[in-house]
Structure formats: C-alpha cells, structure tokens
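Undergrad: Data file my_file08.pdb (PDB, C-alpha atoms and all ligand atoms) is appended below.
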ATOM      1  CA  MET A   1      -3.096  -3.991  25.881
ATOM      2  CA  LEU A   2      -0.179  -3.352  28.214
ATOM      3  CA  GLY A   3      -2.665  -2.835  31.023
ATOM      4  CA  SER A   4      -3.043  -6.561  31.493
ATOM      5  CA  LEU A   5       0.700  -7.231  31.651
ATOM      6  CA  SER A   6       2.332  -6.619  35.010
ATOM      7  CA  LEU A   7       6.067  -6.660  35.580
ATOM      8  CA  SER A   8       5.555  -4.791  38.828
ATOM      9  CA  GLY A   9       8.781  -4.499  40.813
ATOM     10  CA  LYS A  10      10.804  -6.564  38.341
ATOM     11  CA  ARG A  11      14.387  -5.288  38.091
ATOM     12  CA  ALA A  12      15.607  -4.884  34.509
ATOM     13  CA  LEU A  13      19.090  -4.069  33.233
ATOM     14  CA  ILE A  14      19.008  -2.717  29.689
ATOM     15  CA  LEU A  15      22.226  -2.774  27.669
ATOM     16  CA  GLY A  16      22.396  -0.878  24.401
ATOM     17  CA  VAL A  17      20.279   2.276  24.417
ATOM     18  CA  ALA A  18      21.950   4.789  22.089
ATOM     19  CA  ASN A  19      19.099   7.234  21.480
ATOM     20  CA  GLU A  20      15.308   7.556  21.392
ATOM     21  CA  ARG A  21      15.117   5.390  18.255
ATOM     22  CA  SER A  22      16.951   2.422  19.799
ATOM     23  CA  LEU A  23      15.104  -0.891  20.010
ATOM     24  CA  ALA A  24      16.455  -1.087  23.566
ATOM     25  CA  TRP A  25      14.684   2.178  24.360
ATOM     26  CA  ALA A  26      11.365   0.892  23.006
ATOM     27  CA  ILE A  27      11.827  -2.190  25.197
ATOM     28  CA  ALA A  28      12.625   0.027  28.201
ATOM     29  CA  LYS A  29       9.426   2.021  27.722
ATOM     30  CA  HIS A  30       7.300  -1.132  27.597
ATOM     31  CA  LEU A  31       8.983  -2.633  30.647
ATOM     32  CA  HIS A  32       8.532   0.672  32.505
ATOM     33  CA  GLU A  33       4.848   0.861  31.575
ATOM     34  CA  ALA A  34       4.396  -2.662  32.926
ATOM     35  CA  GLY A  35       5.888  -1.576  36.253
ATOM     36  CA  ALA A  36       9.506  -2.729  35.999
ATOM     37  CA  ILE A  37      12.339  -0.710  37.548
ATOM     38  CA  LEU A  38      15.184   0.005  35.189
ATOM     39  CA  ALA A  39      18.956   0.264  34.899
ATOM     40  CA  PHE A  40      20.825   1.450  31.808
ATOM     41  CA  ASN A  41      24.376   1.438  30.531
ATOM     42  CA  TYR A  42      25.931   3.904  28.127
ATOM     43  CA  LEU A  43      29.095   3.853  26.053
ATOM     44  CA  GLY A  44      31.182   7.007  26.389
ATOM     45  CA  ASP A  45      30.378  10.679  27.020
ATOM     46  CA  ALA A  46      28.605  11.284  23.697
ATOM     47  CA  LEU A  47      26.050   8.572  24.352
ATOM     48  CA  GLU A  48      25.696   9.479  28.036
ATOM     49  CA  ARG A  49      24.256  12.825  26.915
ATOM     50  CA  ARG A  50      21.645  10.890  24.889
ATOM     51  CA  VAL A  51      20.915   8.093  27.357
ATOM     52  CA  ARG A  52      20.764   9.979  30.662
ATOM     53  CA  PRO A  53      17.685  12.139  29.881
ATOM     54  CA  LEU A  54      15.857   9.128  28.450
ATOM     55  CA  ALA A  55      16.704   6.994  31.471
ATOM     56  CA  GLU A  56      15.680   9.759  33.885
ATOM     57  CA  SER A  57      12.329  10.101  32.119
ATOM     58  CA  VAL A  58      11.509   6.530  33.201
ATOM     59  CA  GLN A  59      12.923   7.026  36.735
ATOM     60  CA  ALA A  60      15.904   4.751  36.121
ATOM     61  CA  GLU A  61      17.637   3.805  39.362
ATOM     62  CA  ILE A  62      21.003   3.048  37.751
ATOM     63  CA  ILE A  63      22.663   4.832  34.811
ATOM     64  CA  ALA A  64      26.263   3.711  34.455
ATOM     65  CA  PRO A  65      29.051   3.525  31.888
ATOM     66  CA  CYS A  66      29.831   0.093  30.475
ATOM     67  CA  ASN A  67      31.685  -0.991  27.376
ATOM     68  CA  VAL A  68      30.560  -4.602  26.896
ATOM     69  CA  ALA A  69      33.934  -5.392  25.327
ATOM     70  CA  SER A  70      35.503  -4.884  28.760
ATOM     71  CA  ASP A  71      35.295  -7.551  31.482
ATOM     72  CA  ALA A  72      36.229  -4.910  34.071
ATOM     73  CA  ASP A  73      33.380  -2.632  32.923
ATOM     74  CA  LEU A  74      30.899  -5.520  33.056
ATOM     75  CA  ASP A  75      32.149  -6.536  36.518
ATOM     76  CA  ALA A  76      31.676  -2.959  37.764
ATOM     77  CA  LEU A  77      28.180  -2.620  36.280
ATOM     78  CA  PHE A  78      26.884  -5.903  37.696
ATOM     79  CA  ARG A  79      28.486  -5.129  41.064
ATOM     80  CA  LEU A  80      26.595  -1.830  41.086
ATOM     81  CA  VAL A  81      23.321  -3.596  40.190
ATOM     82  CA  ASN A  82      23.869  -6.131  42.970
ATOM     83  CA  GLU A  83      24.711  -3.431  45.536
ATOM     84  CA  LYS A  84      21.669  -1.363  44.611
ATOM     85  CA  TRP A  85      19.089  -4.087  44.013
ATOM     86  CA  GLY A  86      20.480  -7.310  45.503
ATOM     87  CA  GLY A  87      19.313  -9.191  42.436
ATOM     88  CA  LEU A  88      18.052  -8.943  38.869
ATOM     89  CA  ASP A  89      14.996 -10.281  37.003
ATOM     90  CA  ILE A  90      15.443  -9.105  33.415
ATOM     91  CA  LEU A  91      18.498  -8.611  31.184
ATOM     92  CA  ILE A  92      18.067  -6.904  27.810
ATOM     93  CA  HIS A  93      21.043  -7.165  25.451
ATOM     94  CA  SER A  94      20.678  -4.912  22.417
ATOM     95  CA  VAL A  95      24.280  -4.413  21.420
ATOM     96  CA  ALA A  96      26.098  -4.964  18.129
ATOM     97  CA  PHE A  97      29.129  -3.591  16.377
ATOM     98  CA  ALA A  98      31.183  -4.353  13.304
ATOM     99  CA  GLN A  99      33.803  -2.138  11.723
ATOM    100  CA  LYS A 100      32.298   0.004   8.997
ATOM    101  CA  GLU A 101      34.569  -1.448   6.305
ATOM    102  CA  ASP A 102      33.196  -4.912   7.103
ATOM    103  CA  LEU A 103      29.604  -3.854   6.355
ATOM    104  CA  GLU A 104      30.255  -3.209   2.674
ATOM    105  CA  GLY A 105      31.849  -5.001  -0.230
ATOM    106  CA  ARG A 106      32.505  -8.738  -0.063
ATOM    107  CA  PHE A 107      32.288 -10.871   3.095
ATOM    108  CA  VAL A 108      35.293 -12.838   1.861
ATOM    109  CA  ASP A 109      37.437  -9.759   2.493
ATOM    110  CA  THR A 110      36.658  -9.648   6.248
ATOM    111  CA  SER A 111      39.885  -9.228   8.217
ATOM    112  CA  ARG A 112      40.791 -11.368  11.237
ATOM    113  CA  GLU A 113      40.469  -8.298  13.468
ATOM    114  CA  GLY A 114      37.143  -7.260  11.921
ATOM    115  CA  PHE A 115      35.778 -10.765  12.496
ATOM    116  CA  ARG A 116      37.051 -10.763  16.086
ATOM    117  CA  VAL A 117      35.525  -7.378  16.909
ATOM    118  CA  ALA A 118      32.123  -8.249  15.455
ATOM    119  CA  MET A 119      32.032 -11.583  17.287
ATOM    120  CA  ASP A 120      33.257 -10.124  20.571
ATOM    121  CA  ILE A 121      30.879  -7.190  20.818
ATOM    122  CA  SER A 122      27.861  -8.679  19.031
ATOM    123  CA  ALA A 123      27.892 -12.295  20.312
ATOM    124  CA  TYR A 124      30.350 -12.922  23.165
ATOM    125  CA  SER A 125      29.086  -9.907  25.114
ATOM    126  CA  LEU A 126      25.792 -11.754  25.669
ATOM    127  CA  VAL A 127      27.676 -14.666  27.221
ATOM    128  CA  ALA A 128      29.753 -12.313  29.378
ATOM    129  CA  ALA A 129      26.619 -10.481  30.583
ATOM    130  CA  ALA A 130      24.685 -13.717  31.152
ATOM    131  CA  LYS A 131      27.507 -15.118  33.297
ATOM    132  CA  ARG A 132      27.351 -12.082  35.555
ATOM    133  CA  ALA A 133      23.535 -11.936  35.603
ATOM    134  CA  GLU A 134      23.109 -15.613  36.520
ATOM    135  CA  PRO A 135      24.032 -15.304  40.223
ATOM    136  CA  LEU A 136      21.783 -12.223  40.560
ATOM    137  CA  MET A 137      18.845 -14.221  39.191
ATOM    138  CA  SER A 138      19.373 -17.102  41.597
ATOM    139  CA  GLU A 139      16.122 -16.728  43.576
ATOM    140  CA  GLY A 140      13.159 -16.352  41.245
ATOM    141  CA  GLY A 141      14.684 -17.104  37.873
ATOM    142  CA  GLY A 142      14.785 -14.484  35.164
ATOM    143  CA  SER A 143      14.482 -13.538  31.532
ATOM    144  CA  MET A 144      17.316 -12.633  29.177
ATOM    145  CA  ILE A 145      16.541 -11.200  25.747
ATOM    146  CA  THR A 146      18.884 -10.295  22.913
ATOM    147  CA  LEU A 147      18.232  -8.794  19.489
ATOM    148  CA  SER A 148      18.986 -10.535  16.227
ATOM    149  CA  TYR A 149      18.332 -10.040  12.532
ATOM    150  CA  TYR A 150      17.440 -12.226   9.545
ATOM    151  CA  GLY A 151      20.937 -11.769   8.090
ATOM    152  CA  SER A 152      21.936 -14.547  10.523
ATOM    153  CA  GLN A 153      19.904 -17.063   8.493
ATOM    154  CA  LYS A 154      20.156 -15.828   4.904
ATOM    155  CA  VAL A 155      22.623 -13.674   3.034
ATOM    156  CA  VAL A 156      21.579 -10.011   3.178
ATOM    157  CA  PRO A 157      23.651  -7.626   1.024
ATOM    158  CA  ASN A 158      26.363  -5.837   3.051
ATOM    159  CA  TYR A 159      25.336  -7.438   6.364
ATOM    160  CA  ASN A 160      28.382  -9.662   5.944
ATOM    161  CA  VAL A 161      30.277 -10.295   9.181
ATOM    162  CA  MET A 162      27.278  -9.114  11.231
ATOM    163  CA  GLY A 163      25.283 -12.005   9.760
ATOM    164  CA  VAL A 164      27.909 -14.441  10.978
ATOM    165  CA  ALA A 165      27.977 -12.748  14.401
ATOM    166  CA  LYS A 166      24.161 -12.897  14.673
ATOM    167  CA  ALA A 167      24.239 -16.603  13.759
ATOM    168  CA  ALA A 168      26.703 -17.082  16.618
ATOM    169  CA  LEU A 169      24.501 -14.958  18.886
ATOM    170  CA  GLU A 170      21.454 -17.145  18.155
ATOM    171  CA  ALA A 171      23.515 -20.258  18.920
ATOM    172  CA  CYS A 172      24.696 -18.628  22.164
ATOM    173  CA  VAL A 173      21.028 -18.159  23.096
ATOM    174  CA  ARG A 174      20.429 -21.906  22.751
ATOM    175  CA  TYR A 175      23.483 -22.943  24.764
ATOM    176  CA  LEU A 176      22.772 -20.342  27.466
ATOM    177  CA  ALA A 177      19.128 -21.437  27.633
ATOM    178  CA  ALA A 178      20.262 -25.038  28.188
ATOM    179  CA  ASP A 179      22.767 -24.040  30.894
ATOM    180  CA  LEU A 180      20.480 -21.685  32.798
ATOM    181  CA  GLY A 181      17.136 -23.460  32.429
ATOM    182  CA  SER A 182      17.433 -25.385  35.686
ATOM    183  CA  LYS A 183      17.575 -22.018  37.484
ATOM    184  CA  LYS A 184      14.381 -20.925  35.682
ATOM    185  CA  ILE A 185      16.373 -18.375  33.727
ATOM    186  CA  ARG A 186      15.015 -18.114  30.182
ATOM    187  CA  VAL A 187      17.095 -16.884  27.257
ATOM    188  CA  ASN A 188      15.579 -15.813  23.935
ATOM    189  CA  SER A 189      16.288 -13.629  20.932
ATOM    190  CA  ILE A 190      13.956 -11.369  19.023
ATOM    191  CA  SER A 191      14.741 -11.200  15.323
ATOM    192  CA  ALA A 192      13.409  -7.832  14.249
ATOM    193  CA  GLY A 193      12.685  -6.737  10.692
ATOM    194  CA  PRO A 194      14.471  -3.584   9.489
ATOM    195  CA  VAL A 195      13.865  -0.452  11.587
ATOM    196  CA  LYS A 196      15.510   2.929  11.082
ATOM    197  CA  THR A 197      17.736   3.086  14.176
ATOM    198  CA  LEU A 198      21.295   4.313  14.707
ATOM    199  CA  ALA A 199      22.445   0.774  13.778
ATOM    200  CA  ALA A 200      20.824   1.255  10.382
ATOM    201  CA  ALA A 201      22.077   4.817   9.880
ATOM    202  CA  GLY A 202      24.593   5.130   7.114
ATOM    203  CA  ILE A 203      23.374   2.033   5.300
ATOM    204  CA  ARG A 204      23.218   3.059   1.687
ATOM    205  CA  ASP A 205      19.659   3.212   0.309
ATOM    206  CA  PHE A 206      18.075   2.135   3.601
ATOM    207  CA  ARG A 207      14.923   4.057   2.684
ATOM    208  CA  ASN A 208      14.536   2.121  -0.553
ATOM    209  CA  MET A 209      15.319  -1.085   1.316
ATOM    210  CA  LEU A 210      12.523  -0.359   3.792
ATOM    211  CA  ALA A 211      10.076   0.291   0.978
ATOM    212  CA  ALA A 212      11.043  -2.939  -0.797
ATOM    213  CA  ALA A 213      10.852  -4.891   2.479
ATOM    214  CA  GLU A 214       7.352  -3.587   3.113
ATOM    215  CA  GLU A 215       6.183  -4.791  -0.320
ATOM    216  CA  LYS A 216       7.671  -8.233   0.287
ATOM    217  CA  THR A 217       6.004  -8.937   3.632
ATOM    218  CA  PRO A 218       2.681 -10.795   3.859
ATOM    219  CA  LEU A 219       1.348  -8.041   6.144
ATOM    220  CA  LYS A 220       2.513  -5.288   3.750
ATOM    221  CA  GLU A 221       3.944  -3.202   6.532
ATOM    222  CA  ASN A 222       7.270  -2.818   8.243
ATOM    223  CA  ILE A 223       7.635  -3.260  11.960
ATOM    224  CA  SER A 224       8.230  -0.535  14.528
ATOM    225  CA  ALA A 225      10.510  -0.409  17.546
ATOM    226  CA  ASP A 226       7.313  -0.472  19.608
ATOM    227  CA  ASP A 227       6.437  -3.930  18.256
ATOM    228  CA  VAL A 228       9.768  -5.172  19.584
ATOM    229  CA  GLY A 229       9.121  -3.524  22.942
ATOM    230  CA  ALA A 230       5.739  -5.208  23.263
ATOM    231  CA  MET A 231       7.206  -8.648  22.474
ATOM    232  CA  ALA A 232      10.043  -8.182  24.950
ATOM    233  CA  ALA A 233       7.586  -7.262  27.705
ATOM    234  CA  PHE A 234       5.456 -10.289  26.796
ATOM    235  CA  LEU A 235       8.477 -12.597  27.015
ATOM    236  CA  CYS A 236       9.294 -11.231  30.478
ATOM    237  CA  GLY A 237       5.720 -11.778  31.676
ATOM    238  CA  PRO A 238       3.578 -14.851  32.368
ATOM    239  CA  GLY A 239       3.094 -15.551  28.633
ATOM    240  CA  GLY A 240       6.803 -16.208  28.295
ATOM    241  CA  LYS A 241       6.998 -18.661  31.175
ATOM    242  CA  HIS A 242       7.860 -21.680  29.049
ATOM    243  CA  ILE A 243       9.586 -19.944  26.158
ATOM    244  CA  THR A 244      13.356 -20.369  26.198
ATOM    245  CA  GLY A 245      16.052 -20.866  23.581
ATOM    246  CA  SER A 246      13.757 -19.377  20.950
ATOM    247  CA  ASN A 247      14.410 -16.891  18.186
ATOM    248  CA  ILE A 248      11.163 -14.982  17.782
ATOM    249  CA  LEU A 249      10.704 -13.321  14.409
ATOM    250  CA  ILE A 250       8.949  -9.961  14.320
ATOM    251  CA  ASP A 251       9.082  -9.266  10.614
ATOM    252  CA  SER A 252       5.497  -9.078   9.299
ATOM    253  CA  GLY A 253       6.110 -12.597   7.970
ATOM    254  CA  ALA A 254       8.952 -11.621   5.606
ATOM    255  CA  HIS A 255      10.889 -14.813   6.377
ATOM    256  CA  ILE A 256       8.289 -17.111   4.801
ATOM    257  CA  MET A 257       8.566 -15.490   1.347
ATOM    258  CA  GLY A 258      10.637 -16.801  -1.541
ATOM    259  CA  GLY A 259      12.293 -14.593  -4.144
TER     260      GLY A 259
HETATM  261  C1  LIG A 301      23.479  -3.254   8.755
HETATM  262  C2  LIG A 301      24.403  -3.403   7.740
HETATM  263  C3  LIG A 301      24.042  -3.827   6.473
HETATM  264  C4  LIG A 301      22.714  -4.089   6.186
HETATM  265  C5  LIG A 301      21.781  -3.928   7.203
HETATM  266  C6  LIG A 301      22.163  -3.512   8.491
HETATM  267  N1  LIG A 301      20.441  -4.097   7.214
HETATM  268  C7  LIG A 301      19.933  -3.812   8.446
HETATM  269  C8  LIG A 301      20.990  -3.430   9.277
HETATM  270  C9  LIG A 301      19.664  -4.507   6.057
HETATM  271  C10 LIG A 301      18.511  -3.908   8.833
HETATM  272  C11 LIG A 301      20.904  -3.007  10.738
HETATM  273  N2  LIG A 301      21.152  -4.166  11.611
HETATM  274  C12 LIG A 301      20.134  -5.191  11.686
HETATM  275  C13 LIG A 301      22.309  -4.295  12.388
HETATM  276  O1  LIG A 301      22.438  -5.298  13.075
HETATM  277  C14 LIG A 301      23.368  -3.290  12.371
HETATM  278  C15 LIG A 301      24.543  -3.466  13.042
HETATM  279  C16 LIG A 301      25.682  -2.576  12.952
HETATM  280  C17 LIG A 301      25.615  -1.318  12.369
HETATM  281  C18 LIG A 301      26.774  -0.532  12.298
HETATM  282  C19 LIG A 301      26.792   0.804  11.629
HETATM  283  C20 LIG A 301      27.953   1.675  12.054
HETATM  284  C21 LIG A 301      29.199   0.913  12.348
HETATM  285  N3  LIG A 301      29.152  -0.372  12.762
HETATM  286  C22 LIG A 301      27.964  -1.069  12.828
HETATM  287  N4  LIG A 301      27.984  -2.289  13.394
HETATM  288  C23 LIG A 301      26.869  -3.015  13.461
HETATM  289  O2  LIG A 301      30.301   1.486  12.254
END
Translate this file's structure into structure tokens.

TA:
Amino acid sequence: MLGSLSLSGKRALILGVANERSLAWAIAKHLHEAGAILAFNYLGDALERRVRPLAESVQAEIIAPCNVASDADLDALFRLVNEKWGGLDILIHSVAFAQKEDLEGRFVDTSREGFRVAMDISAYSLVAAAKRAEPLMSEGGGSMITLSYYGSQKVVPNYNVMGVAKAALEACVRYLAADLGSKKIRVNSISAGPVKTLAAAGIRDFRNMLAAAEEKTPLKENISADDVGAMAAFLCGPGGKHITGSNILIDSGAHIMGG
C-alpha cells in the first residue's frame, strides 16, 4: 500500500517522539518508508536516550534538543534545519502536556497556571512552530500535521483541560490553514482514537477504557499508531493536495455513535 506513495526527498521535521509507541514515531516510520528524510527533536536527556536510537534507525539527518515551550529552543532547531536542509516540506507536531493534577477530578478546579501550561505546550506550540516553518516552506509549499483527540469536541472523563487545549489546537489549525494557504502550505489535524502511548500511561483503567471503546465503535476495533502513520503520509502526498484546515478522525467511527 505504501509502495504507491512517494515522498521521495521530502524533508520532514517531527516534533514529539518520546518512545517506540509514540504516534509521532509511527508517522516517522511511514514517512521514511515513503522516502522522506527526517529530523527529530527530543526533550531532555532521558528522552534523548529513547529518541536517538529510533531516529538513527531511520537515518535521521538531524536529532536535536528542543523544548517547544521555549522560543529560543525553537529558534535554534529551525535554524539548524535551515542550515542543514535549506528548507522544509513537512512538519509533524505531536506534542501535548498538562499537569497531572489537571487530568483528574473536576475541570472546574483547573488552576490559572495549569490552564496556561496546557494551552502553551499543547496548542500555542503549533503556532510557534508553524511561524518558523513558514519561511522554510516558501518554495514548494508544505504540509503541517498535528494530533488531536475527541475530548476537544465532547466531554471525556478526566481529559479536562487537555480537551480545552485540543479545541484551541483545532481552531489554530483552521486559522493557520487560512494564513498559509496562499503559500500552498496545508495545515491539518488527525484526531486519533485511544492508543496506549506514553501520553495514555498512568490513566486509570485505560485498559478497560480501550475495551469499552472497541465495543462502541462501528468497526468493533481500536486503532493503532500505524493507522495514524498511514494517514499522515497520505496527507503529505498527492492525495492530500487539496486538504487543509481539516480535522481527520481516525477512530473506527466512534464519533458517530450516541450513548
Ligand atoms: C489523557 C487524560 C485523560 C483521559 C485520556 C487521556 N484519554 C486518552 C488520553 C481517554 C485517550 C491520552 N490523550 C489523548 C492525550 O492527549 C494525553 C495527553 C497528556 C497526558 C499526560 C500524562 C502525564 C502528564 N501530563 C500529560 N499531559 C497530557 O503528566
């Protein structure tokens, strides 16, 4: 299936690989298989030890530290990409964070700082990355993809401030798509059903939640990280040419079901 999709020579910067289960990693593998050349960021020494071997296994040309909450870090990363490649074709943004205490209990108890952190890292960081990617995509256009979740649209227990941040992220996608469209830069989000990644680790009863989710979907199966990778590669290829500002649901149809 991937055989027919070529992203040969396309330069892709992938933000947000944490380990081999990351959705960003599944996307990286699909882009690599389609012929793209890759760059990765990592956050801190602990994650560098995870990310570096993965990145090297797909012959990554850039592996660099970057905390997306830092303008200076983002400036340095995009400067490095520009020095090495002289441009960029694909930006993958697969980054989210909320304080642990804001992912339990009642949303109404969210602190000002907890709200700020979730919004900054999970939504604004896309804007900050897009601003820096835009000039590197000036020649042939480009494709920017971020990851969302259904908790942006409907109340999901404990998702709380992350749901609000993902709603903001999806709105950012629309405004960015409008701004960057004239440069043939497309901006989309993929709203993935639940997958057991590091971002889902520590969620109480996630296993039971996955089982219940599977039952609820029309297709009677949960999605895999690979499904997200395949869609991301599609969006970056010819099939995505006129898709921008969209939120593409990969959820086995879960979103159409009532209670
Ligand atoms: C996260 C929290 C509550 C319910 C959840 C999730 N469900 C799913 C997730 C049902 C699927 C995972 N998800 C879609 C996320 O976006 C997770 C983001 C996240 C996770 C953590 C865990 C550790 C931490 N901060 C986090 N910030 C964001 O300290």

Undergrad: Please provide as a list in words all residues within 9 Å of Ala129 in chain A, with the sequence filter that same-chain residues fewer than 6 positions apart are discarded (counting all atoms listed in the file).

TA: Val68, Leu74, Phe78, Leu91 and His93 of chain A

Undergrad: Could those selected residues go to a file with C-alpha atoms, as a PDB file, keeping the file's coordinate frame?

TA:
ATOM      1  CA  VAL A  68      30.560  -4.602  26.896  1.00  0.00           C
ATOM      2  CA  LEU A  74      30.899  -5.520  33.056  1.00  0.00           C
ATOM      3  CA  PHE A  78      26.884  -5.903  37.696  1.00  0.00           C
ATOM      4  CA  LEU A  91      18.498  -8.611  31.184  1.00  0.00           C
ATOM      5  CA  HIS A  93      21.043  -7.165  25.451  1.00  0.00           C
TER       6      HIS A  93
END

Undergrad: Determine the residue membership of the PyMOL selection byres (((chain A and resi 57) around 12) and not hetatm) for the file above and supply it as a list of chain:residue names.

TA: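 The output of the PyMOL selection byres (((chain A and resi 57) around 12) and not hetatm) on this file is A:Glu20, A:Trp25, A:Ala28, A:Lys29, A:His32, A:Glu33, A:Leu38, A:Arg50, A:Val51, A:Arg52, A:Pro53, A:Leu54, A:Ala55, A:Glu56, A:Val58, A:Gln59, A:Ala60, A:Glu61, A:Ile63.
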
Undergrad: Next, write the just-selected residues to a file, as a CSV table (one decimal), in the frame of the given file, keeping C-alpha atoms as the atom set.

TA:
chain,number,residue,atom,x,y,z
A,20,GLU,CA,15.3,7.6,21.4
A,25,TRP,CA,14.7,2.2,24.4
A,28,ALA,CA,12.6,0.0,28.2
A,29,LYS,CA,9.4,2.0,27.7
A,32,HIS,CA,8.5,0.7,32.5
A,33,GLU,CA,4.8,0.9,31.6
A,38,LEU,CA,15.2,0.0,35.2
A,50,ARG,CA,21.6,10.9,24.9
A,51,VAL,CA,20.9,8.1,27.4
A,52,ARG,CA,20.8,10.0,30.7
A,53,PRO,CA,17.7,12.1,29.9
A,54,LEU,CA,15.9,9.1,28.4
A,55,ALA,CA,16.7,7.0,31.5
A,56,GLU,CA,15.7,9.8,33.9
A,58,VAL,CA,11.5,6.5,33.2
A,59,GLN,CA,12.9,7.0,36.7
A,60,ALA,CA,15.9,4.8,36.1
A,61,GLU,CA,17.6,3.8,39.4
A,63,ILE,CA,22.7,4.8,34.8

Undergrad: With 3 Å on each side, where is the centre of the axis-aligned box around all listed atoms of range 205-210 of chain A, and how long are its edges in Å to one decimal, as lines of an AutoDock Vina configuration file?

TA:
center_x = 16.1
center_y = 1.5
center_z = 1.6
size_x = 13.1
size_y = 11.1
size_z = 10.3

Undergrad: Got a sec to check which residues lie within 10 Å of ligand LIG 301 (chain A), using all atoms listed in the file, and send them as an MDAnalysis selection string?

TA: chainID A and resid 94:104 117:118 121:122 147:152 156:163 165:166 191:206 209:210 213

Undergrad: Keeping C-alpha atoms for every residue in the selection just given, could you write it to a file as a CSV table (one decimal), in the frame of the given file?

TA:
chain,number,residue,atom,x,y,z
A,94,SER,CA,20.7,-4.9,22.4
A,95,VAL,CA,24.3,-4.4,21.4
A,96,ALA,CA,26.1,-5.0,18.1
A,97,PHE,CA,29.1,-3.6,16.4
A,98,ALA,CA,31.2,-4.4,13.3
A,99,GLN,CA,33.8,-2.1,11.7
A,100,LYS,CA,32.3,0.0,9.0
A,101,GLU,CA,34.6,-1.4,6.3
A,102,ASP,CA,33.2,-4.9,7.1
A,103,LEU,CA,29.6,-3.9,6.4
A,104,GLU,CA,30.3,-3.2,2.7
A,117,VAL,CA,35.5,-7.4,16.9
A,118,ALA,CA,32.1,-8.2,15.5
A,121,ILE,CA,30.9,-7.2,20.8
A,122,SER,CA,27.9,-8.7,19.0
A,147,LEU,CA,18.2,-8.8,19.5
A,148,SER,CA,19.0,-10.5,16.2
A,149,TYR,CA,18.3,-10.0,12.5
A,150,TYR,CA,17.4,-12.2,9.5
A,151,GLY,CA,20.9,-11.8,8.1
A,152,SER,CA,21.9,-14.5,10.5
A,156,VAL,CA,21.6,-10.0,3.2
A,157,PRO,CA,23.7,-7.6,1.0
A,158,ASN,CA,26.4,-5.8,3.1
A,159,TYR,CA,25.3,-7.4,6.4
A,160,ASN,CA,28.4,-9.7,5.9
A,161,VAL,CA,30.3,-10.3,9.2
A,162,MET,CA,27.3,-9.1,11.2
A,163,GLY,CA,25.3,-12.0,9.8
A,165,ALA,CA,28.0,-12.7,14.4
A,166,LYS,CA,24.2,-12.9,14.7
A,191,SER,CA,14.7,-11.2,15.3
A,192,ALA,CA,13.4,-7.8,14.2
A,193,GLY,CA,12.7,-6.7,10.7
A,194,PRO,CA,14.5,-3.6,9.5
A,195,VAL,CA,13.9,-0.5,11.6
A,196,LYS,CA,15.5,2.9,11.1
A,197,THR,CA,17.7,3.1,14.2
A,198,LEU,CA,21.3,4.3,14.7
A,199,ALA,CA,22.4,0.8,13.8
A,200,ALA,CA,20.8,1.3,10.4
A,201,ALA,CA,22.1,4.8,9.9
A,202,GLY,CA,24.6,5.1,7.1
A,203,ILE,CA,23.4,2.0,5.3
A,204,ARG,CA,23.2,3.1,1.7
A,205,ASP,CA,19.7,3.2,0.3
A,206,PHE,CA,18.1,2.1,3.6
A,209,MET,CA,15.3,-1.1,1.3
A,210,LEU,CA,12.5,-0.4,3.8
A,213,ALA,CA,10.9,-4.9,2.5

Undergrad: Could you list, with a cut-off of 7 Å and counting all atoms listed in the file, the residues of range 79-160 of chain A near range 171-186 of chain A, each shown with its nearest atom pair and the distance in Å rounded to one decimal, rows sorted by chain and ascending number, as CSV?

TA:
residue,atom,partner,partner_atom,distance
A:Ser138,CA,A:Lys183,CA,6.7
A:Gly141,CA,A:Lys184,CA,4.4
A:Gly142,CA,A:Ile185,CA,4.4
A:Ser143,CA,A:Arg186,CA,4.8
A:Met144,CA,A:Arg186,CA,6.0

Undergrad: Quick one: apply the PyMOL selection byres (((chain A and resi 132) around 12) and not hetatm) to the file and drop the selected residues here as a PyMOL selection string.

TA: chain A and resi 13+68+71-82+87-88+91+125-131+133-138+144

Undergrad: Between CA of Leu31 in chain A and CA of Asp45 in chain A, what is the distance in Å, rounded to a tenth?

TA: 25.5 Å
